>>> print(open('data-v1.tsv').read())   # TSV, N, CA, C and O atoms
chain	number	residue	atom	x	y	z
A	1	MET	N	103.54	178.91	142.81
A	1	MET	CA	102.78	177.69	143.00
A	1	MET	C	101.80	177.89	144.14
A	1	MET	O	102.06	178.62	145.08
A	2	ASN	N	100.70	177.19	144.04
A	2	ASN	CA	99.67	177.28	145.06
A	2	ASN	C	99.44	175.89	145.63
A	2	ASN	O	98.79	175.06	145.02
A	3	ASP	N	100.00	175.62	146.83
A	3	ASP	CA	99.86	174.28	147.39
A	3	ASP	C	98.60	174.11	148.22
A	3	ASP	O	98.41	173.07	148.83
A	4	SER	N	97.73	175.09	148.24
A	4	SER	CA	96.53	174.98	149.05
A	4	SER	C	95.36	174.35	148.29
A	4	SER	O	94.33	174.05	148.88
A	5	LEU	N	95.50	174.13	146.99
A	5	LEU	CA	94.39	173.60	146.20
A	5	LEU	C	94.25	172.09	146.29
A	5	LEU	O	93.15	171.57	146.27
A	6	PHE	N	95.36	171.37	146.38
A	6	PHE	CA	95.32	169.92	146.35
A	6	PHE	C	96.04	169.34	147.54
A	6	PHE	O	97.12	169.78	147.88
A	7	ARG	N	95.43	168.33	148.15
A	7	ARG	CA	96.06	167.63	149.27
A	7	ARG	C	95.81	166.13	149.13
A	7	ARG	O	94.78	165.73	148.62
A	8	THR	N	96.78	165.34	149.58
A	8	THR	CA	96.60	163.89	149.56
A	8	THR	C	95.61	163.50	150.65
A	8	THR	O	95.20	164.34	151.47
A	9	SER	N	95.27	162.22	150.70
A	9	SER	CA	94.30	161.77	151.70
A	9	SER	C	94.81	161.97	153.13
A	9	SER	O	94.02	162.10	154.05
A	10	ASP	N	96.14	162.03	153.31
A	10	ASP	CA	96.66	162.28	154.66
A	10	ASP	C	96.95	163.76	154.91
A	10	ASP	O	97.54	164.12	155.92
A	11	GLY	N	96.53	164.63	153.97
A	11	GLY	CA	96.66	166.06	154.17
A	11	GLY	C	97.94	166.69	153.64
A	11	GLY	O	98.13	167.89	153.78
A	12	THR	N	98.81	165.90	153.02
A	12	THR	CA	100.04	166.44	152.47
A	12	THR	C	99.73	167.35	151.28
A	12	THR	O	99.04	166.92	150.36
A	13	PRO	N	100.22	168.59	151.29
A	13	PRO	CA	99.95	169.48	150.15
A	13	PRO	C	100.66	168.99	148.89
A	13	PRO	O	101.79	168.52	148.95
A	14	VAL	N	99.98	169.09	147.76
A	14	VAL	CA	100.54	168.73	146.46
A	14	VAL	C	100.70	170.02	145.67
A	14	VAL	O	99.73	170.74	145.46
A	15	PRO	N	101.94	170.33	145.25
A	15	PRO	CA	102.15	171.57	144.50
A	15	PRO	C	101.31	171.61	143.23
A	15	PRO	O	101.11	170.58	142.57
A	16	ALA	N	100.80	172.76	142.90
A	16	ALA	CA	99.99	172.93	141.69
A	16	ALA	C	100.40	174.23	141.01
A	16	ALA	O	100.81	175.18	141.67
A	17	VAL	N	100.29	174.23	139.70
A	17	VAL	CA	100.57	175.44	138.93
A	17	VAL	C	99.37	175.71	138.02
A	17	VAL	O	98.61	174.81	137.69
A	18	THR	N	99.23	176.94	137.63
A	18	THR	CA	98.17	177.31	136.69
A	18	THR	C	98.58	176.87	135.29
A	18	THR	O	99.76	176.56	135.03
A	19	ALA	N	97.64	176.88	134.36
A	19	ALA	CA	97.94	176.55	132.96
A	19	ALA	C	98.99	177.52	132.41
A	19	ALA	O	99.92	177.11	131.71
A	20	GLU	N	98.87	178.79	132.74
A	20	GLU	CA	99.84	179.79	132.27
A	20	GLU	C	101.24	179.51	132.82
A	20	GLU	O	102.23	179.57	132.09
A	21	GLN	N	101.32	179.15	134.10
A	21	GLN	CA	102.61	178.83	134.69
A	21	GLN	C	103.21	177.58	134.04
A	21	GLN	O	104.42	177.52	133.80
A	22	MET	N	102.37	176.58	133.74
A	22	MET	CA	102.88	175.37	133.12
A	22	MET	C	103.38	175.63	131.71
A	22	MET	O	104.40	175.08	131.29
A	23	ARG	N	102.70	176.51	130.97
A	23	ARG	CA	103.20	176.88	129.64
A	23	ARG	C	104.57	177.53	129.74
A	23	ARG	O	105.45	177.28	128.91
A	24	GLU	N	104.78	178.34	130.77
A	24	GLU	CA	106.09	178.98	130.97
A	24	GLU	C	107.15	177.93	131.33
A	24	GLU	O	108.28	178.00	130.85
A	25	VAL	N	106.79	176.97	132.15
A	25	VAL	CA	107.72	175.88	132.49
A	25	VAL	C	108.11	175.13	131.21
A	25	VAL	O	109.29	174.86	130.97
A	26	ASP	N	107.12	174.80	130.37
A	26	ASP	CA	107.39	174.12	129.11
A	26	ASP	C	108.30	174.96	128.21
A	26	ASP	O	109.24	174.45	127.60
A	27	ARG	N	108.02	176.24	128.12
A	27	ARG	CA	108.82	177.13	127.28
A	27	ARG	C	110.27	177.15	127.74
A	27	ARG	O	111.20	177.02	126.94
A	28	ILE	N	110.48	177.27	129.04
A	28	ILE	CA	111.83	177.29	129.60
A	28	ILE	C	112.54	175.96	129.32
A	28	ILE	O	113.72	175.94	128.94
A	29	ALA	N	111.83	174.86	129.50
A	29	ALA	CA	112.43	173.55	129.26
A	29	ALA	C	112.89	173.40	127.82
A	29	ALA	O	113.97	172.87	127.55
A	30	VAL	N	112.09	173.90	126.88
A	30	VAL	CA	112.42	173.79	125.46
A	30	VAL	C	113.50	174.79	125.08
A	30	VAL	O	114.53	174.43	124.50
A	31	GLU	N	113.29	176.06	125.39
A	31	GLU	CA	114.20	177.12	124.93
A	31	GLU	C	115.51	177.18	125.70
A	31	GLU	O	116.56	177.38	125.11
A	32	ASP	N	115.46	177.03	127.01
A	32	ASP	CA	116.66	177.20	127.82
A	32	ASP	C	117.43	175.89	128.05
A	32	ASP	O	118.64	175.90	128.24
A	33	PHE	N	116.71	174.76	128.07
A	33	PHE	CA	117.37	173.49	128.38
A	33	PHE	C	117.42	172.54	127.19
A	33	PHE	O	118.00	171.46	127.28
A	34	GLY	N	116.79	172.91	126.09
A	34	GLY	CA	116.87	172.12	124.87
A	34	GLY	C	116.09	170.82	124.89
A	34	GLY	O	116.35	169.92	124.08
A	35	LEU	N	115.15	170.67	125.80
A	35	LEU	CA	114.33	169.46	125.82
A	35	LEU	C	113.28	169.54	124.72
A	35	LEU	O	112.76	170.60	124.42
A	36	GLY	N	112.96	168.39	124.14
A	36	GLY	CA	111.91	168.33	123.14
A	36	GLY	C	110.58	168.01	123.80
A	36	GLY	O	110.53	167.36	124.86
A	37	ILE	N	109.51	168.46	123.19
A	37	ILE	CA	108.17	168.19	123.72
A	37	ILE	C	107.93	166.69	123.84
A	37	ILE	O	107.41	166.21	124.85
A	38	LEU	N	108.31	165.92	122.82
A	38	LEU	CA	108.11	164.47	122.88
A	38	LEU	C	108.91	163.84	124.02
A	38	LEU	O	108.43	162.93	124.70
A	39	GLN	N	110.12	164.33	124.25
A	39	GLN	CA	110.93	163.83	125.36
A	39	GLN	C	110.24	164.13	126.69
A	39	GLN	O	110.20	163.28	127.59
A	40	MET	N	109.69	165.34	126.83
A	40	MET	CA	109.00	165.70	128.07
A	40	MET	C	107.75	164.84	128.27
A	40	MET	O	107.46	164.39	129.38
A	41	MET	N	107.02	164.58	127.18
A	41	MET	CA	105.82	163.74	127.28
A	41	MET	C	106.19	162.31	127.65
A	41	MET	O	105.51	161.68	128.46
A	42	GLU	N	107.28	161.79	127.06
A	42	GLU	CA	107.73	160.45	127.40
A	42	GLU	C	108.10	160.36	128.88
A	42	GLU	O	107.72	159.41	129.58
A	43	ASN	N	108.83	161.36	129.37
A	43	ASN	CA	109.21	161.38	130.78
A	43	ASN	C	107.98	161.44	131.68
A	43	ASN	O	107.91	160.76	132.71
A	44	ALA	N	107.01	162.26	131.30
A	44	ALA	CA	105.79	162.39	132.11
A	44	ALA	C	105.04	161.06	132.15
A	44	ALA	O	104.59	160.62	133.23
A	45	GLY	N	104.90	160.41	131.01
A	45	GLY	CA	104.21	159.12	130.95
A	45	GLY	C	104.90	158.06	131.77
A	45	GLY	O	104.28	157.30	132.51
A	46	ARG	N	106.23	157.99	131.65
A	46	ARG	CA	106.99	156.99	132.40
A	46	ARG	C	106.88	157.24	133.90
A	46	ARG	O	106.68	156.32	134.69
A	47	ASN	N	107.00	158.51	134.31
A	47	ASN	CA	106.90	158.82	135.74
A	47	ASN	C	105.51	158.51	136.28
A	47	ASN	O	105.38	158.03	137.41
A	48	LEU	N	104.48	158.78	135.50
A	48	LEU	CA	103.13	158.44	135.93
A	48	LEU	C	103.01	156.94	136.11
A	48	LEU	O	102.49	156.46	137.13
A	49	ALA	N	103.51	156.16	135.14
A	49	ALA	CA	103.44	154.70	135.24
A	49	ALA	C	104.18	154.20	136.47
A	49	ALA	O	103.69	153.32	137.20
A	50	GLU	N	105.36	154.75	136.75
A	50	GLU	CA	106.12	154.35	137.93
A	50	GLU	C	105.36	154.67	139.21
A	50	GLU	O	105.36	153.88	140.16
A	51	ASN	N	104.71	155.83	139.26
A	51	ASN	CA	103.92	156.19	140.45
A	51	ASN	C	102.74	155.25	140.64
A	51	ASN	O	102.43	154.86	141.76
A	52	VAL	N	102.08	154.88	139.56
A	52	VAL	CA	100.94	153.97	139.66
A	52	VAL	C	101.40	152.61	140.18
A	52	VAL	O	100.77	152.03	141.07
A	53	VAL	N	102.51	152.10	139.64
A	53	VAL	CA	103.04	150.81	140.10
A	53	VAL	C	103.35	150.87	141.58
A	53	VAL	O	103.02	149.96	142.35
A	54	GLU	N	103.96	151.96	142.02
A	54	GLU	CA	104.28	152.13	143.44
A	54	GLU	C	103.01	152.19	144.29
A	54	GLU	O	102.92	151.59	145.35
A	55	MET	N	102.01	152.95	143.81
A	55	MET	CA	100.76	153.09	144.56
A	55	MET	C	100.02	151.76	144.68
A	55	MET	O	99.42	151.47	145.71
A	56	LEU	N	100.07	150.93	143.64
A	56	LEU	CA	99.36	149.65	143.67
A	56	LEU	C	100.09	148.63	144.54
A	56	LEU	O	99.46	147.68	145.01
A	57	ALA	N	101.37	148.79	144.73
A	57	ALA	CA	102.17	147.93	145.61
A	57	ALA	C	101.89	146.45	145.38
A	57	ALA	O	101.61	145.70	146.31
A	58	GLY	N	101.94	146.02	144.12
A	58	GLY	CA	101.78	144.60	143.81
A	58	GLY	C	100.35	144.12	143.68
A	58	GLY	O	100.12	142.94	143.42
A	59	GLN	N	99.37	144.98	143.85
A	59	GLN	CA	97.97	144.58	143.71
A	59	GLN	C	97.64	144.39	142.24
A	59	GLN	O	98.15	145.08	141.38
A	60	ASP	N	96.77	143.43	141.97
A	60	ASP	CA	96.26	143.26	140.60
A	60	ASP	C	95.08	144.19	140.39
A	60	ASP	O	94.40	144.58	141.34
A	61	GLY	N	94.82	144.54	139.15
A	61	GLY	CA	93.66	145.37	138.85
A	61	GLY	C	93.90	146.19	137.61
A	61	GLY	O	94.96	146.14	136.99
A	62	GLU	N	92.90	146.95	137.25
A	62	GLU	CA	92.98	147.81	136.09
A	62	GLU	C	93.16	149.25	136.53
A	62	GLU	O	92.73	149.64	137.61
A	63	VAL	N	93.79	150.02	135.67
A	63	VAL	CA	94.02	151.43	135.93
A	63	VAL	C	93.48	152.21	134.73
A	63	VAL	O	93.74	151.85	133.59
A	64	THR	N	92.73	153.25	135.00
A	64	THR	CA	92.23	154.13	133.94
A	64	THR	C	92.84	155.51	134.16
A	64	THR	O	92.79	156.04	135.26
A	65	ILE	N	93.41	156.05	133.10
A	65	ILE	CA	94.01	157.38	133.16
A	65	ILE	C	93.28	158.28	132.18
A	65	ILE	O	93.16	157.94	131.01
A	66	LEU	N	92.76	159.38	132.66
A	66	LEU	CA	92.08	160.35	131.82
A	66	LEU	C	92.94	161.58	131.68
A	66	LEU	O	93.50	162.07	132.66
A	67	ALA	N	93.08	162.07	130.47
A	67	ALA	CA	93.91	163.27	130.22
A	67	ALA	C	93.20	164.17	129.23
A	67	ALA	O	92.55	163.69	128.30
A	68	GLY	N	93.34	165.45	129.45
A	68	GLY	CA	92.71	166.42	128.56
A	68	GLY	C	93.56	166.69	127.34
A	68	GLY	O	94.55	166.03	127.06
A	69	ALA	N	93.16	167.68	126.61
A	69	ALA	CA	93.85	168.06	125.38
A	69	ALA	C	95.15	168.79	125.70
A	69	ALA	O	95.43	169.12	126.84
A	70	GLY	N	95.92	169.07	124.67
A	70	GLY	CA	97.12	169.87	124.84
A	70	GLY	C	98.35	169.11	125.27
A	70	GLY	O	99.21	169.64	125.94
A	71	GLY	N	98.45	167.85	124.90
A	71	GLY	CA	99.63	167.08	125.24
A	71	GLY	C	99.59	166.47	126.61
A	71	GLY	O	100.57	165.88	127.06
A	72	ASN	N	98.49	166.57	127.32
A	72	ASN	CA	98.40	166.02	128.66
A	72	ASN	C	98.41	164.50	128.68
A	72	ASN	O	98.62	163.90	129.72
A	73	GLY	N	98.22	163.88	127.54
A	73	GLY	CA	98.24	162.42	127.48
A	73	GLY	C	99.65	161.84	127.50
A	73	GLY	O	99.80	160.63	127.51
A	74	GLY	N	100.66	162.71	127.50
A	74	GLY	CA	102.05	162.22	127.53
A	74	GLY	C	102.29	161.35	128.71
A	74	GLY	O	102.97	160.36	128.66
>>> encode(input="data-v1.tsv", output="structure tokens")
Amino acid sequence: MNDSLFRTSDGTPVPAVTAEQMREVDRIAVEDFGLGILQMMENAGRNLAENVVEMLAGQDGEVTILAGAGGNGG
């Protein structure tokens, strides 16, 4: 992982992986742990929604989420 690419507004490093590394993580999750792709996408979507709710801290407003191809919309 390369934590030097992304940082929060207060400077906290955010772990990042390359596309190749993420494909390997997905492969391990499916082959070694028996997770399904749809299950992983559901978990990713739910966790994103929970993070957004936490970040908004009760504020009203709209949220736009942009995702690329390859299942990133999960």
>>> select_by_dssp(input="data-v1.tsv", residues="chain A", states="strand (DSSP E)", output="JSON list (two decimals) with N, CA, C and O atoms, in the coordinates of the input")
[["chain", "number", "residue", "atom", "x", "y", "z"],
["A", 6, "PHE", "N", 95.36, 171.37, 146.38],
["A", 6, "PHE", "CA", 95.32, 169.92, 146.35],
["A", 6, "PHE", "C", 96.04, 169.34, 147.54],
["A", 6, "PHE", "O", 97.12, 169.78, 147.88],
["A", 7, "ARG", "N", 95.43, 168.33, 148.15],
["A", 7, "ARG", "CA", 96.06, 167.63, 149.27],
["A", 7, "ARG", "C", 95.81, 166.13, 149.13],
["A", 7, "ARG", "O", 94.78, 165.73, 148.62],
["A", 13, "PRO", "N", 100.22, 168.59, 151.29],
["A", 13, "PRO", "CA", 99.95, 169.48, 150.15],
["A", 13, "PRO", "C", 100.66, 168.99, 148.89],
["A", 13, "PRO", "O", 101.79, 168.52, 148.95],
["A", 14, "VAL", "N", 99.98, 169.09, 147.76],
["A", 14, "VAL", "CA", 100.54, 168.73, 146.46],
["A", 14, "VAL", "C", 100.70, 170.02, 145.67],
["A", 14, "VAL", "O", 99.73, 170.74, 145.46]]
>>> atom_distance(input="data-v1.tsv", atom1="CA of Leu38 (chain A)", atom2="CA of Thr18 (chain A)")
21.3 Å
>>> select_by_dssp(input="data-v1.tsv", residues="chain A", states="helix (DSSP H, G or I)", output="ChimeraX atom specification")
/A:19-31,37-56
>>> atom_distance(input="data-v1.tsv", atom1="atom N of Ile65 (chain A)", atom2="atom C of Arg46 (chain A)")
13.5 Å
>>> residues_around(input="data-v1.tsv", residues="Asp26 (chain A)", least_positions_apart="6", cutoff="8 Å", atoms="only N, CA, C and O atoms", output="MDAnalysis selection string")
chainID A and resid 19:20 32:37
>>> closest_residue(input="data-v1.tsv", among="A:Met22, A:Gly11, A:Phe6, A:Ala16", to="Gly70 (chain A)", atoms="only C-alpha atoms")
A:Met22
>>> atom_distance(input="data-v1.tsv", atom1="CA of Val63 (chain A)", atom2="CA of Ala49 (chain A)")
10.0 Å
>>> build_atoms(input="data-v1.tsv", residues="region 24-35 of chain A", atoms="all heavy atoms", output="tab-separated table (two decimals), keeping the file's coordinate frame")
chain	number	residue	atom	x	y	z
A	24	GLU	N	104.78	178.34	130.77
A	24	GLU	CA	106.09	178.98	130.97
A	24	GLU	C	107.15	177.93	131.33
A	24	GLU	O	108.28	178.00	130.85
A	24	GLU	CB	105.99	180.06	132.05
A	24	GLU	CG	107.29	180.79	132.35
A	24	GLU	CD	107.82	181.62	131.18
A	24	GLU	OE1	107.16	181.73	130.11
A	24	GLU	OE2	108.94	182.16	131.32
A	25	VAL	N	106.79	176.97	132.15
A	25	VAL	CA	107.72	175.88	132.49
A	25	VAL	C	108.11	175.13	131.21
A	25	VAL	O	109.29	174.86	130.97
A	25	VAL	CB	107.10	174.92	133.52
A	25	VAL	CG1	107.93	173.64	133.66
A	25	VAL	CG2	106.95	175.60	134.87
A	26	ASP	N	107.12	174.80	130.37
A	26	ASP	CA	107.39	174.12	129.11
A	26	ASP	C	108.30	174.96	128.21
A	26	ASP	O	109.24	174.45	127.60
A	26	ASP	CB	106.09	173.81	128.36
A	26	ASP	CG	105.30	172.67	128.98
A	26	ASP	OD1	105.86	171.93	129.82
A	26	ASP	OD2	104.12	172.51	128.61
A	27	ARG	N	108.02	176.24	128.12
A	27	ARG	CA	108.82	177.13	127.28
A	27	ARG	C	110.27	177.15	127.74
A	27	ARG	O	111.20	177.02	126.94
A	27	ARG	CB	108.26	178.56	127.30
A	27	ARG	CG	108.99	179.51	126.34
A	27	ARG	CD	108.69	180.97	126.64
A	27	ARG	NE	109.19	181.41	127.94
A	27	ARG	CZ	110.48	181.63	128.22
A	27	ARG	NH1	111.42	181.44	127.32
A	27	ARG	NH2	110.84	182.04	129.42
A	28	ILE	N	110.48	177.27	129.04
A	28	ILE	CA	111.83	177.29	129.60
A	28	ILE	C	112.54	175.96	129.32
A	28	ILE	O	113.72	175.94	128.94
A	28	ILE	CB	111.80	177.60	131.10
A	28	ILE	CG1	111.38	179.06	131.31
A	28	ILE	CG2	113.16	177.32	131.76
A	28	ILE	CD1	111.05	179.41	132.75
A	29	ALA	N	111.83	174.86	129.50
A	29	ALA	CA	112.43	173.55	129.26
A	29	ALA	C	112.89	173.40	127.82
A	29	ALA	O	113.97	172.87	127.55
A	29	ALA	CB	111.42	172.44	129.61
A	30	VAL	N	112.09	173.90	126.88
A	30	VAL	CA	112.42	173.79	125.46
A	30	VAL	C	113.50	174.79	125.08
A	30	VAL	O	114.53	174.43	124.50
A	30	VAL	CB	111.16	173.98	124.59
A	30	VAL	CG1	111.53	174.08	123.13
A	30	VAL	CG2	110.18	172.84	124.82
A	31	GLU	N	113.29	176.06	125.39
A	31	GLU	CA	114.20	177.12	124.93
A	31	GLU	C	115.51	177.18	125.70
A	31	GLU	O	116.56	177.38	125.11
A	31	GLU	CB	113.49	178.47	124.99
A	31	GLU	CG	112.35	178.60	124.01
A	31	GLU	CD	111.63	179.94	124.09
A	31	GLU	OE1	112.12	180.85	124.79
A	31	GLU	OE2	110.57	180.06	123.44
A	32	ASP	N	115.46	177.03	127.01
A	32	ASP	CA	116.66	177.20	127.82
A	32	ASP	C	117.43	175.89	128.05
A	32	ASP	O	118.64	175.90	128.24
A	32	ASP	CB	116.33	177.82	129.17
A	32	ASP	CG	115.78	179.24	129.06
A	32	ASP	OD1	115.81	179.80	127.94
A	32	ASP	OD2	115.33	179.78	130.08
A	33	PHE	N	116.71	174.76	128.07
A	33	PHE	CA	117.37	173.49	128.38
A	33	PHE	C	117.42	172.54	127.19
A	33	PHE	O	118.00	171.46	127.28
A	33	PHE	CB	116.68	172.82	129.58
A	33	PHE	CG	116.88	173.57	130.85
A	33	PHE	CD1	115.92	174.46	131.31
A	33	PHE	CD2	118.04	173.42	131.60
A	33	PHE	CE1	116.09	175.18	132.48
A	33	PHE	CE2	118.23	174.13	132.77
A	33	PHE	CZ	117.26	175.01	133.22
A	34	GLY	N	116.79	172.91	126.09
A	34	GLY	CA	116.87	172.12	124.87
A	34	GLY	C	116.09	170.82	124.89
A	34	GLY	O	116.35	169.92	124.08
A	35	LEU	N	115.15	170.67	125.80
A	35	LEU	CA	114.33	169.46	125.82
A	35	LEU	C	113.28	169.54	124.72
A	35	LEU	O	112.76	170.60	124.42
A	35	LEU	CB	113.63	169.31	127.18
A	35	LEU	CG	114.54	169.12	128.39
A	35	LEU	CD1	113.71	169.12	129.66
A	35	LEU	CD2	115.33	167.84	128.26
